[in-house]
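Structure file query06.txt; described as compact mmCIF, C-alpha atoms.
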# COMPACT_ATOMS: atom_id res chain seq x y z
CA MET A 617 10.10 -23.96 -13.15
CA ALA A 618 11.11 -20.33 -13.06
CA CYS A 619 12.53 -20.17 -16.55
CA ARG A 620 10.61 -18.07 -19.01
CA GLY A 621 9.77 -20.03 -22.10
CA CYS A 622 11.38 -23.17 -20.74
CA GLY A 623 10.81 -26.13 -23.02
CA CYS A 624 11.92 -28.87 -20.68
CA GLY A 625 8.42 -30.26 -20.44
CA PRO A 626 4.74 -29.43 -20.59
CA GLY A 627 4.54 -29.12 -16.81
CA HIS A 628 6.92 -26.18 -16.60
CA LEU A 629 5.59 -22.67 -15.90
CA ASN A 630 6.85 -19.40 -17.20
CA GLU A 631 8.31 -16.90 -14.77
CA ASP A 632 5.18 -14.76 -14.34
CA ASN A 633 2.90 -17.70 -13.55
CA ALA A 634 5.49 -19.25 -11.27
CA ARG A 635 5.88 -15.97 -9.38
CA PHE A 636 2.10 -15.66 -9.04
CA LEU A 637 1.65 -19.22 -7.75
CA LEU A 638 4.59 -18.96 -5.38
CA LEU A 639 3.33 -15.67 -3.95
CA ALA A 640 -0.18 -17.13 -3.57
CA ALA A 641 1.23 -20.14 -1.72
CA LEU A 642 3.33 -17.89 0.54
CA ILE A 643 0.29 -15.74 1.33
CA VAL A 644 -1.74 -18.85 2.25
CA LEU A 645 1.07 -20.01 4.54
CA TYR A 646 1.28 -16.50 6.00
CA LEU A 647 -2.46 -16.56 6.70
CA LEU A 648 -2.26 -19.98 8.32
CA GLY A 649 0.66 -18.90 10.49
CA GLY A 650 -1.09 -15.68 11.49
CA ALA A 651 -4.29 -17.57 12.34
CA ALA A 652 -2.34 -19.98 14.54
CA VAL A 653 -0.58 -17.15 16.41
CA PHE A 654 -3.73 -15.08 16.99
CA SER A 655 -5.69 -18.14 18.03
CA ALA A 656 -3.03 -19.00 20.61
CA LEU A 657 -2.97 -15.41 21.90
CA GLU A 658 -6.68 -14.52 21.92
CA LEU A 659 -8.70 -17.73 22.31
CA ALA A 660 -8.15 -18.10 26.05
CA HIS A 661 -9.05 -14.45 26.65
CA GLU A 662 -12.24 -14.86 24.60
CA ARG A 663 -13.32 -17.90 26.65
CA GLN A 664 -12.65 -16.09 29.91
CA ALA A 665 -14.64 -13.05 28.77
CA LYS A 666 -17.54 -15.24 27.71
CA GLN A 667 -17.52 -17.04 31.05
CA ARG A 668 -17.51 -13.76 32.99
CA TRP A 669 -20.40 -12.46 30.89
CA GLU A 670 -22.49 -15.57 31.49
CA GLU A 671 -21.93 -15.22 35.25
CA ARG A 672 -22.92 -11.54 35.23
CA LEU A 673 -25.99 -12.31 33.14
CA ALA A 674 -27.09 -15.04 35.55
CA ASN A 675 -26.52 -12.84 38.61
CA PHE A 676 -28.46 -9.93 37.06
CA SER A 677 -31.33 -12.26 36.12
CA ARG A 678 -31.60 -13.62 39.67
CA ARG A 679 -31.24 -10.22 41.33
CA HIS A 680 -34.02 -8.58 39.31
CA ASN A 681 -36.19 -11.68 38.93
CA LEU A 682 -35.99 -11.70 35.13
CA SER A 683 -36.07 -14.71 32.90
CA ARG A 684 -33.02 -15.36 30.79
CA ASP A 685 -35.03 -15.14 27.54
CA GLU A 686 -36.49 -11.72 28.41
CA LEU A 687 -33.09 -10.39 29.31
CA ARG A 688 -31.52 -11.67 26.08
CA GLY A 689 -34.35 -10.12 24.07
CA PHE A 690 -33.67 -6.75 25.68
CA LEU A 691 -29.96 -7.08 24.91
CA ARG A 692 -30.75 -7.82 21.26
CA GLN A 693 -32.75 -4.60 21.11
CA TYR A 694 -29.76 -2.75 22.54
CA GLU A 695 -27.53 -4.26 19.87
CA GLU A 696 -29.91 -2.98 17.22
CA ALA A 697 -29.79 0.48 18.78
CA THR A 698 -25.99 0.31 18.83
CA GLU A 699 -25.92 -0.51 15.12
CA ALA A 700 -28.10 2.55 14.51
CA GLY A 701 -25.55 4.75 16.29
CA ILE A 702 -27.22 5.00 19.71
CA ARG A 703 -24.79 4.85 22.62
CA VAL A 704 -25.15 4.94 26.40
CA ASP A 705 -22.47 7.60 26.63
CA ASN A 706 -22.91 11.07 25.18
CA THR A 707 -21.62 10.79 21.61
CA ARG A 708 -22.00 13.12 18.68
CA PRO A 709 -24.74 12.51 16.08
CA ARG A 710 -23.68 10.07 13.43
CA TRP A 711 -25.56 11.56 10.49
CA ASP A 712 -25.26 15.30 10.87
CA PHE A 713 -23.06 16.93 8.22
CA THR A 714 -19.77 16.54 10.14
CA GLY A 715 -20.61 12.95 11.07
CA ALA A 716 -21.56 12.15 7.47
CA PHE A 717 -18.34 13.80 6.23
CA TYR A 718 -16.35 11.59 8.63
CA PHE A 719 -18.25 8.57 7.28
CA VAL A 720 -17.61 9.29 3.60
CA GLY A 721 -13.95 9.87 4.45
CA THR A 722 -13.71 6.36 5.87
CA VAL A 723 -15.52 5.03 2.79
CA VAL A 724 -13.35 6.54 0.04
CA SER A 725 -10.14 5.87 1.99
CA THR A 726 -11.23 2.21 2.39
CA ILE A 727 -10.69 2.45 6.17
CA GLY A 728 -14.29 1.52 6.97
CA PHE A 729 -14.30 1.66 10.78
CA GLY A 730 -17.83 0.21 10.86
CA MET A 731 -19.17 2.36 13.69
CA THR A 732 -21.47 4.13 11.19
CA THR A 733 -23.32 2.28 8.44
CA PRO A 734 -26.31 3.26 6.29
CA ALA A 735 -29.58 1.78 7.55
CA THR A 736 -31.96 2.79 4.74
CA VAL A 737 -32.25 1.08 1.36
CA GLY A 738 -31.55 4.36 -0.42
CA GLY A 739 -28.42 4.92 1.65
CA LYS A 740 -27.10 1.43 0.87
CA ILE A 741 -27.74 1.82 -2.87
CA PHE A 742 -26.10 5.24 -2.94
CA LEU A 743 -23.11 3.86 -1.01
CA ILE A 744 -22.44 1.26 -3.71
CA PHE A 745 -22.11 3.83 -6.50
CA TYR A 746 -20.52 6.47 -4.30
CA GLY A 747 -17.87 4.05 -3.04
CA LEU A 748 -17.18 2.74 -6.54
CA ILE A 749 -16.15 6.15 -7.83
CA GLY A 750 -14.75 7.46 -4.54
CA CYS A 751 -12.48 4.49 -3.81
CA ALA A 752 -11.11 4.48 -7.38
CA SER A 753 -10.42 8.22 -7.22
CA THR A 754 -8.73 7.92 -3.83
CA ILE A 755 -6.50 5.07 -5.01
CA LEU A 756 -5.49 7.24 -7.95
CA PHE A 757 -4.72 10.06 -5.50
CA PHE A 758 -2.59 7.70 -3.40
CA ASN A 759 -0.66 6.64 -6.50
CA LEU A 760 -0.06 10.24 -7.54
CA PHE A 761 1.03 11.05 -3.98
CA LEU A 762 3.41 8.09 -4.12
CA GLU A 763 4.80 9.36 -7.42
CA ARG A 764 5.55 12.80 -6.03
CA LEU A 765 6.85 11.47 -2.73
CA ILE A 766 9.30 9.12 -4.43
CA THR A 767 10.38 11.98 -6.72
CA VAL A 768 11.04 14.31 -3.78
CA ILE A 769 12.92 11.63 -1.84
CA ALA A 770 14.97 10.74 -4.90
CA TYR A 771 15.79 14.41 -5.53
CA ILE A 772 16.92 14.95 -1.93
CA MET A 773 18.99 11.76 -1.89
CA LYS A 774 20.52 12.64 -5.25
CA SER A 775 21.50 16.08 -3.97
CA CYS A 776 23.10 14.50 -0.90
CA HIS A 777 24.92 12.00 -3.10
CA GLN A 778 26.13 14.81 -5.35
CA ARG A 779 27.37 16.79 -2.35
CA GLN A 780 29.19 13.72 -1.09
CA LEU A 781 30.87 13.23 -4.45
CA ARG A 782 31.95 16.86 -4.45
CA ARG A 783 33.58 16.43 -1.09
CA ARG A 784 35.46 13.43 -2.41
CA ARG A 785 36.37 15.43 -5.55
CA ALA A 786 34.84 12.73 -7.70
CA LEU A 787 32.92 15.16 -9.92
CA PRO A 788 34.62 17.13 -12.70
CA GLN A 789 34.58 20.91 -12.79
CA GLN A 790 31.75 21.00 -15.36
CA SER A 791 29.39 19.14 -13.02
CA ARG A 792 30.13 21.62 -10.23
CA LYS A 793 28.95 24.46 -12.42
CA ALA A 794 25.76 22.57 -13.34
CA PRO A 795 24.73 20.72 -10.19
CA GLY A 796 21.23 20.00 -11.48
CA ARG A 797 22.38 17.68 -14.24
CA GLY A 798 22.29 14.15 -12.89
CA ALA A 799 24.11 12.58 -15.80
CA ALA A 800 27.39 14.36 -15.12
CA GLY A 801 30.40 12.68 -13.61
CA GLY A 802 29.68 10.25 -10.80
CA LEU A 803 25.89 10.84 -10.99
CA ALA A 804 25.45 9.14 -14.36
CA GLY A 805 22.69 6.57 -13.94
CA TRP A 806 22.53 7.02 -10.17
CA LYS A 807 19.21 6.33 -8.49
CA PRO A 808 18.30 5.89 -4.83
CA SER A 809 18.15 2.44 -3.34
CA VAL A 810 14.79 1.04 -2.29
CA TYR A 811 16.25 0.28 1.14
CA TYR A 812 16.97 3.94 1.86
CA VAL A 813 13.54 4.96 0.57
CA MET A 814 11.94 2.35 2.78
CA LEU A 815 13.92 3.60 5.78
CA ILE A 816 12.82 7.20 5.13
CA LEU A 817 9.18 6.16 4.78
CA CYS A 818 9.41 4.08 7.98
CA LEU A 819 10.79 7.03 9.91
CA ALA A 820 8.16 9.39 8.46
CA SER A 821 5.32 6.98 9.27
CA LEU A 822 6.68 6.42 12.77
CA LEU A 823 7.00 10.17 13.39
CA ILE A 824 3.42 10.82 12.26
CA SER A 825 2.13 7.91 14.35
CA CYS A 826 3.97 9.04 17.48
CA CYS A 827 2.72 12.63 17.15
CA ALA A 828 -0.84 11.50 16.48
CA SER A 829 -0.71 9.05 19.39
CA ALA A 830 0.36 11.81 21.75
CA MET A 831 -2.65 13.84 20.64
CA TYR A 832 -5.08 10.92 21.01
CA THR A 833 -3.70 10.06 24.46
CA CYS A 834 -4.35 13.58 25.72
CA ILE A 835 -7.74 14.15 24.10
CA GLU A 836 -9.36 10.71 23.80
CA GLY A 837 -8.01 9.36 27.08
CA TRP A 838 -6.52 6.24 25.50
CA SER A 839 -3.25 4.72 26.59
CA TYR A 840 -0.27 5.57 24.40
CA PHE A 841 0.00 1.95 23.22
CA ASP A 842 -3.70 1.87 22.28
CA SER A 843 -3.18 5.15 20.42
CA LEU A 844 -0.29 3.65 18.44
CA TYR A 845 -2.44 0.60 17.73
CA PHE A 846 -5.25 2.84 16.46
CA CYS A 847 -2.81 4.76 14.25
CA PHE A 848 -1.60 1.62 12.51
CA VAL A 849 -5.11 0.20 12.10
CA ALA A 850 -6.40 3.49 10.68
CA PHE A 851 -3.36 4.46 8.58
CA SER A 852 -3.15 1.01 7.00
CA THR A 853 -6.92 1.22 6.19
CA ILE A 854 -7.61 -1.96 8.18
CA GLY A 855 -10.17 -0.09 10.27
CA PHE A 856 -11.47 -2.55 12.85
CA GLY A 857 -13.61 0.05 14.57
CA ASP A 858 -12.81 -0.97 18.15
CA LEU A 859 -11.13 2.41 18.63
CA VAL A 860 -12.41 5.39 16.64
CA SER A 861 -11.25 8.96 17.07
CA SER A 862 -13.41 12.11 17.28
CA GLN A 863 -16.62 10.38 18.37
CA ASN A 864 -17.49 12.25 21.57
CA ALA A 865 -20.05 15.03 21.48
CA LEU A 866 -17.74 17.67 22.93
CA TYR A 867 -13.98 18.12 23.02
CA GLU A 868 -11.73 20.84 24.29
CA SER A 869 -10.71 22.88 21.23
CA GLN A 870 -13.04 20.69 19.21
CA GLY A 871 -12.57 22.38 15.82
CA LEU A 872 -8.79 22.31 16.05
CA TYR A 873 -8.79 18.67 17.19
CA ARG A 874 -11.03 17.48 14.36
CA PHE A 875 -8.88 19.32 11.81
CA ALA A 876 -5.69 17.81 13.27
CA ASN A 877 -7.34 14.39 13.31
CA PHE A 878 -8.19 14.75 9.60
CA VAL A 879 -4.65 15.86 8.72
CA PHE A 880 -3.00 13.05 10.70
CA ILE A 881 -5.21 10.37 9.16
CA LEU A 882 -4.71 11.71 5.62
CA THR A 883 -0.92 11.99 5.84
CA GLY A 884 -0.65 8.72 7.76
CA VAL A 885 -2.66 6.78 5.16
CA CYS A 886 -0.58 8.26 2.32
CA CYS A 887 2.73 7.43 4.02
CA ILE A 888 1.72 3.90 5.01
CA TYR A 889 0.37 3.26 1.51
CA SER A 890 3.69 4.38 0.04
CA LEU A 891 5.58 2.25 2.55
CA PHE A 892 3.52 -0.82 1.69
CA ASN A 893 4.28 -0.40 -2.01
CA VAL A 894 8.00 -0.03 -1.37
CA ILE A 895 7.95 -3.14 0.82
CA SER A 896 6.14 -4.97 -1.98
CA ILE A 897 9.21 -4.39 -4.17
CA LEU A 898 11.35 -6.21 -1.62
CA ILE A 899 8.82 -9.04 -1.44
CA LYS A 900 8.85 -9.32 -5.22
CA GLN A 901 12.64 -9.39 -5.23
CA SER A 902 12.63 -12.15 -2.62
CA VAL A 903 10.13 -14.17 -4.67
CA ASN A 904 12.30 -13.70 -7.76
CA TRP A 905 15.34 -14.90 -5.84
CA VAL A 906 13.46 -18.02 -4.69
CA LEU A 907 12.40 -18.71 -8.27
CA ARG A 908 15.99 -18.37 -9.46
CA GLN A 909 17.11 -20.86 -6.84
CA VAL A 910 14.34 -23.30 -7.66
CA GLY A 911 14.89 -22.85 -11.39
CA GLY A 912 18.58 -23.63 -11.03
CA GLY A 913 17.87 -27.27 -11.90
CA CYS A 914 16.90 -26.50 -15.48
CA CYS A 915 19.10 -28.03 -18.06
CA GLN A 916 21.96 -25.94 -19.42
CA GLN A 917 20.63 -26.28 -22.95
CA CYS A 918 17.33 -24.71 -21.90
CA ARG A 919 19.12 -21.87 -20.12
CA SER A 920 21.21 -21.01 -23.16
CA GLY A 921 18.12 -20.20 -25.20
CA LEU A 922 16.51 -17.94 -22.61
CA PRO A 923 16.37 -14.15 -22.85
CA ARG A 924 18.26 -12.00 -20.41
CA PRO A 925 16.96 -11.88 -16.84
CA ARG A 926 14.07 -9.56 -16.10
CA ARG A 927 14.32 -6.58 -13.80
CA ASN A 928 13.91 -7.15 -10.08
CA ALA A 929 15.70 -10.50 -10.32
CA VAL A 930 17.91 -10.26 -7.26
CA MET A 931 20.58 -12.24 -5.48
CA PRO A 932 21.15 -11.95 -1.73
CA GLY A 933 23.78 -9.33 -0.98
CA ASN A 934 24.26 -8.42 -4.62
CA ILE A 935 21.18 -7.01 -6.33
CA SER A 936 21.46 -7.28 -10.09
CA ILE A 937 18.87 -5.85 -12.42
CA GLU A 938 19.12 -5.85 -16.18
CA THR A 939 16.91 -4.56 -18.97
CA ASP A 940 14.83 -6.96 -20.99
CA GLY A 941 16.73 -6.26 -24.13
CA ALA A 942 15.44 -9.42 -25.76
CA MET A 943 11.87 -8.19 -25.40
CA GLU A 944 12.42 -4.82 -27.11
CA SER A 945 12.57 -3.92 -30.81
CA ASP A 946 14.06 -0.97 -32.64
CA ALA A 947 11.88 2.00 -33.47
CA ASP A 948 12.43 1.62 -37.21
CA GLY A 949 10.40 -1.61 -37.38
CA ARG A 950 13.24 -4.15 -37.48
CA ARG A 951 12.58 -7.66 -36.30
CA PRO A 952 12.97 -8.04 -32.53
CA SER A 953 15.70 -10.24 -31.13
CA ASP A 954 13.24 -12.96 -30.08
CA GLY A 955 12.31 -13.62 -33.73
CA ARG A 956 8.74 -12.30 -33.63
CA PRO A 957 7.21 -10.58 -36.69
CA PRO A 958 7.57 -6.81 -37.15
CA SER A 959 5.43 -4.49 -35.09
CA GLU A 960 2.92 -3.77 -37.88
CA GLU A 961 1.27 -7.15 -37.28
CA VAL A 962 -1.44 -7.40 -34.68
CA ILE A 963 -0.09 -8.69 -31.37
CA SER A 964 -1.96 -10.07 -28.39
CA MET A 965 -2.58 -8.08 -25.23
CA LYS A 966 -0.21 -10.39 -23.33
CA ASP A 967 2.61 -9.72 -25.79
CA PHE A 968 1.92 -5.99 -25.62
CA LEU A 969 2.10 -5.89 -21.83
CA THR A 970 5.20 -8.06 -21.76
CA ALA A 971 7.08 -6.16 -24.46
CA ASN A 972 6.42 -2.75 -22.97
CA LYS A 973 6.52 -3.77 -19.31
CA VAL A 974 3.51 -1.69 -18.36
CA SER A 975 0.85 -2.29 -15.74
CA LEU A 976 -2.86 -2.20 -16.42
CA ALA A 977 -2.93 1.29 -14.93
CA MET A 978 -0.28 2.48 -17.40
CA LEU A 979 -2.25 0.87 -20.22
CA GLN A 980 -5.28 2.83 -19.10
CA LYS A 981 -3.24 6.03 -19.16
CA GLN A 982 -1.92 5.26 -22.63
CA LEU A 983 -5.42 4.63 -23.96
CA SER A 984 -6.60 7.89 -22.41
CA GLU A 985 -3.74 9.84 -23.97
CA SER A 986 -4.38 8.19 -27.34
CA ALA A 987 -8.02 9.23 -27.15
CA ASN A 988 -6.92 12.81 -26.47
CA GLY A 989 -4.67 13.13 -29.47
CA GLY A 990 -1.90 10.59 -29.31
CA HIS A 991 0.52 9.12 -26.82
CA ARG A 992 3.39 11.37 -25.74
CA GLN A 993 6.77 9.77 -26.30
CA PRO A 994 9.55 11.09 -24.07
CA ASP A 995 12.80 11.99 -25.75
CA ALA A 996 16.18 10.66 -24.81
CA GLN A 997 17.11 13.69 -22.75
CA CYS A 998 13.91 13.40 -20.74
CA ARG A 999 14.63 9.74 -20.07
CA ASP A 1000 18.05 10.62 -18.80
CA SER A 1001 17.03 13.47 -16.54
CA GLU A 1002 13.57 12.47 -15.42
CA PHE A 1003 11.86 9.38 -14.14
CA SER A 1004 9.54 7.32 -16.31
CA GLY A 1005 5.84 7.91 -15.79
CA GLY A 1006 3.15 5.61 -14.50
CA VAL A 1007 -0.08 5.48 -12.56
CA GLY A 1008 -0.16 2.06 -10.94
CA ALA A 1009 1.89 1.53 -7.81
CA PHE A 1010 4.50 -0.66 -9.54
CA ALA A 1011 4.50 1.56 -12.61
CA VAL A 1012 5.02 4.64 -10.44
CA MET A 1013 8.17 3.21 -8.89
CA ASN A 1014 9.34 1.61 -12.12
CA ASN A 1015 12.81 2.97 -13.06
CA ARG A 1016 12.76 5.36 -10.08
CA LEU A 1017 14.73 3.25 -7.64
CA ALA A 1018 18.06 1.52 -8.08
CA GLU A 1019 16.50 -1.93 -7.65
CA THR A 1020 13.84 -1.31 -10.34
CA SER A 1021 15.99 0.59 -12.81
CA GLY A 1022 16.44 -0.86 -16.24
CA ASP A 1023 19.56 1.17 -17.06
CA ARG A 1024 21.85 0.21 -14.20
Structure translated into structure tokens:
Amino acid sequence: MACRGCGCGPGHLNEDNARFLLLAALIVLYLLGGAAVFSALELAHERQAKQRWEERLANFSRRHNLSRDELRGFLRQYEEATEAGIRVDNTRPRWDFTGAFYFVGTVVSTIGFGMTTPATVGGKIFLIFYGLIGCASTILFFNLFLERLITVIAYIMKSCHQRQLRRRRALPQQSRKAPGRGAAGGLAGWKPSVYYVMLILCLASLLISCCASAMYTCIEGWSYFDSLYFCFVAFSTIGFGDLVSSQNALYESQGLYRFANFVFILTGVCCIYSLFNVISILIKQSVNWVLRQVGGGCCQQCRSGLPRPRRNAVMPGNISIETDGAMESDADGRRPSDGRPPSEEVISMKDFLTANKVSLAMLQKQLSESANGGHRQPDAQCRDSEFSGGVGAFAVMNNRLAETSGDR
């Protein structure tokens, strides 16, 4: 099932389709399990709240001699006022410049708290086009932030690894004189592990959340647990809207608080986004390991004709990643090892993406560079000393971590 190009039968899937279907099935099971847990935790509370509300509604109707229909009609009018941004408590205007700036921030960041929504037809039409460009630009910003964050983390970890090798006297004298060259001595081919990067991102996200929660507890009056809950919902761009910061009309040190709120949300969203993408690597590795176990029943004859394993194919306790050498051809136009025609023939988009192992975002970047005068090809020295480029989340981390490196 998991073998690429397996010819055991027409019902067999290649590795990419098998990974996609397995991940889709796991997500469906994850959704079903989550629905069962939340239903068991929240359903009884919902029924109790509904019962208490019906009792209060009946008591209020009897006390003030109001019919139930009249009272429900008034409550519907209040719900309409609430949707328009009208509150019983003293809250700040929703559509002044600062309120509108807060709104567009939740739009382009895809948080979408829902406490402010456009009510006019013109506002709804403008939101569609504004969100289309804004969300795409913000996702690009998150990817570029992820690229720089992974680079900084890798540089720091590489420096620590180099210092550790010096203490153990594992580096030669030449590498001590040129500490910046990563290919010297024990640093040849070294890249940070995804587990350490994930740990650093977890600690950074936790630190930001704890600091922000302390601020929200003091200024908003929430409990510390509710503040942590709000931080995760906001930083992960889930944005339920049950708790929303900076909504009161007046705060102590209001300008400073709103600036700190903006900084915390921006850095928190960037860190959580980076953490999610690193975790996705581990999920992909786990799916690959499951496919290898399931595909272990393929006949030996079919296995012998398969190309080398793709990157991110992992085994528990011993992660092994190899380069798809069978999918690559020499630069001088020789026939690739899989027997396909030379590169001057027109190939399909699927073959192009597979042979070059690029995401759609990297393809977009390549097309843009070609339109601006040709694609820049990195030289061998750049490949040795720098990380490979990319725009998409997977492409950004491609070849930057030990578990996604093709030259281990």
If you take all atoms listed in the file and a cut-off of 7 Å, which residues of region 620-737 of chain A touch region 742-755 of chain A, and what are their nearest atom pairs and distances in Å to one decimal, in chain and number order, as JSON lines?
{"residue": "A:Val723", "atom": "CA", "partner": "A:Gly747", "partner_atom": "CA", "distance": 6.4}
{"residue": "A:Val724", "atom": "CA", "partner": "A:Cys751", "partner_atom": "CA", "distance": 4.4}
{"residue": "A:Ser725", "atom": "CA", "partner": "A:Thr754", "partner_atom": "CA", "distance": 6.3}
{"residue": "A:Thr726", "atom": "CA", "partner": "A:Cys751", "partner_atom": "CA", "distance": 6.7}
Quick one: of A:Asn759, A:Gln667, A:Thr707, A:Gln780, who's nearest to Phe892 (chain A), counting only C-alpha atoms? A:Asn759
With all atoms listed in the file as the atoms that count, which of A:Glu631, A:Ile835, A:Phe758, A:Pro734 lies nearest to Leu872 (chain A)? A:Ile835
Residue with the minimum atom-to-atom distance to Phe719 (chain A), picked from A:Tyr873, A:Ala830, A:Ser862, A:Thr733 with all atoms listed in the file counted, is A:Thr733
A:Tyr889, A:Phe690, A:Phe846, A:Trp905: which is nearest Leu765 (chain A), counting only C-alpha atoms? A:Tyr889
Between A:Phe856, A:Tyr771, A:Phe761, A:Phe848, which is the closest to Ser890 (chain A) once you count all atoms listed in the file? A:Phe761
Interatomic distance between CA of Ser825 (chain A) and CA of Ile854 (chain A)? 15.2 Å
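Between CA of Cys826 (chain A) and CA of Glu763 (chain A) lies a distance of 24.9 Å.
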I'd like the contact shell of Gly884 (chain A) - 7 Å cut-off, all atoms listed in the file, skipping same-chain residues fewer than 5 positions apart - returned as number ranges by chain. A: 821, 824, 851
Could you work out how far CA of Leu762 (chain A) lies from CA of Leu647 (chain A), giving the answer in Å with one decimal? 27.6 Å
Would you please work out which residue, of A:Ala865, A:Met831, A:Cys847, A:Ile888, is nearest to Arg710 (chain A) when using all atoms listed in the file? A:Ala865
Mind listing whatever residues come within 10 Å of the point (-11.1, -1.5, 17.8)? Use only C-alpha atoms, file coordinates, and give them as a list in words.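 Checked against the point, the hits come out as Phe729, Gly730, Met731, Asp842, Tyr845, Phe846, Val849, Ala850, Gly855, Phe856, Gly857, Asp858, Leu859 and Val860 of chain A.
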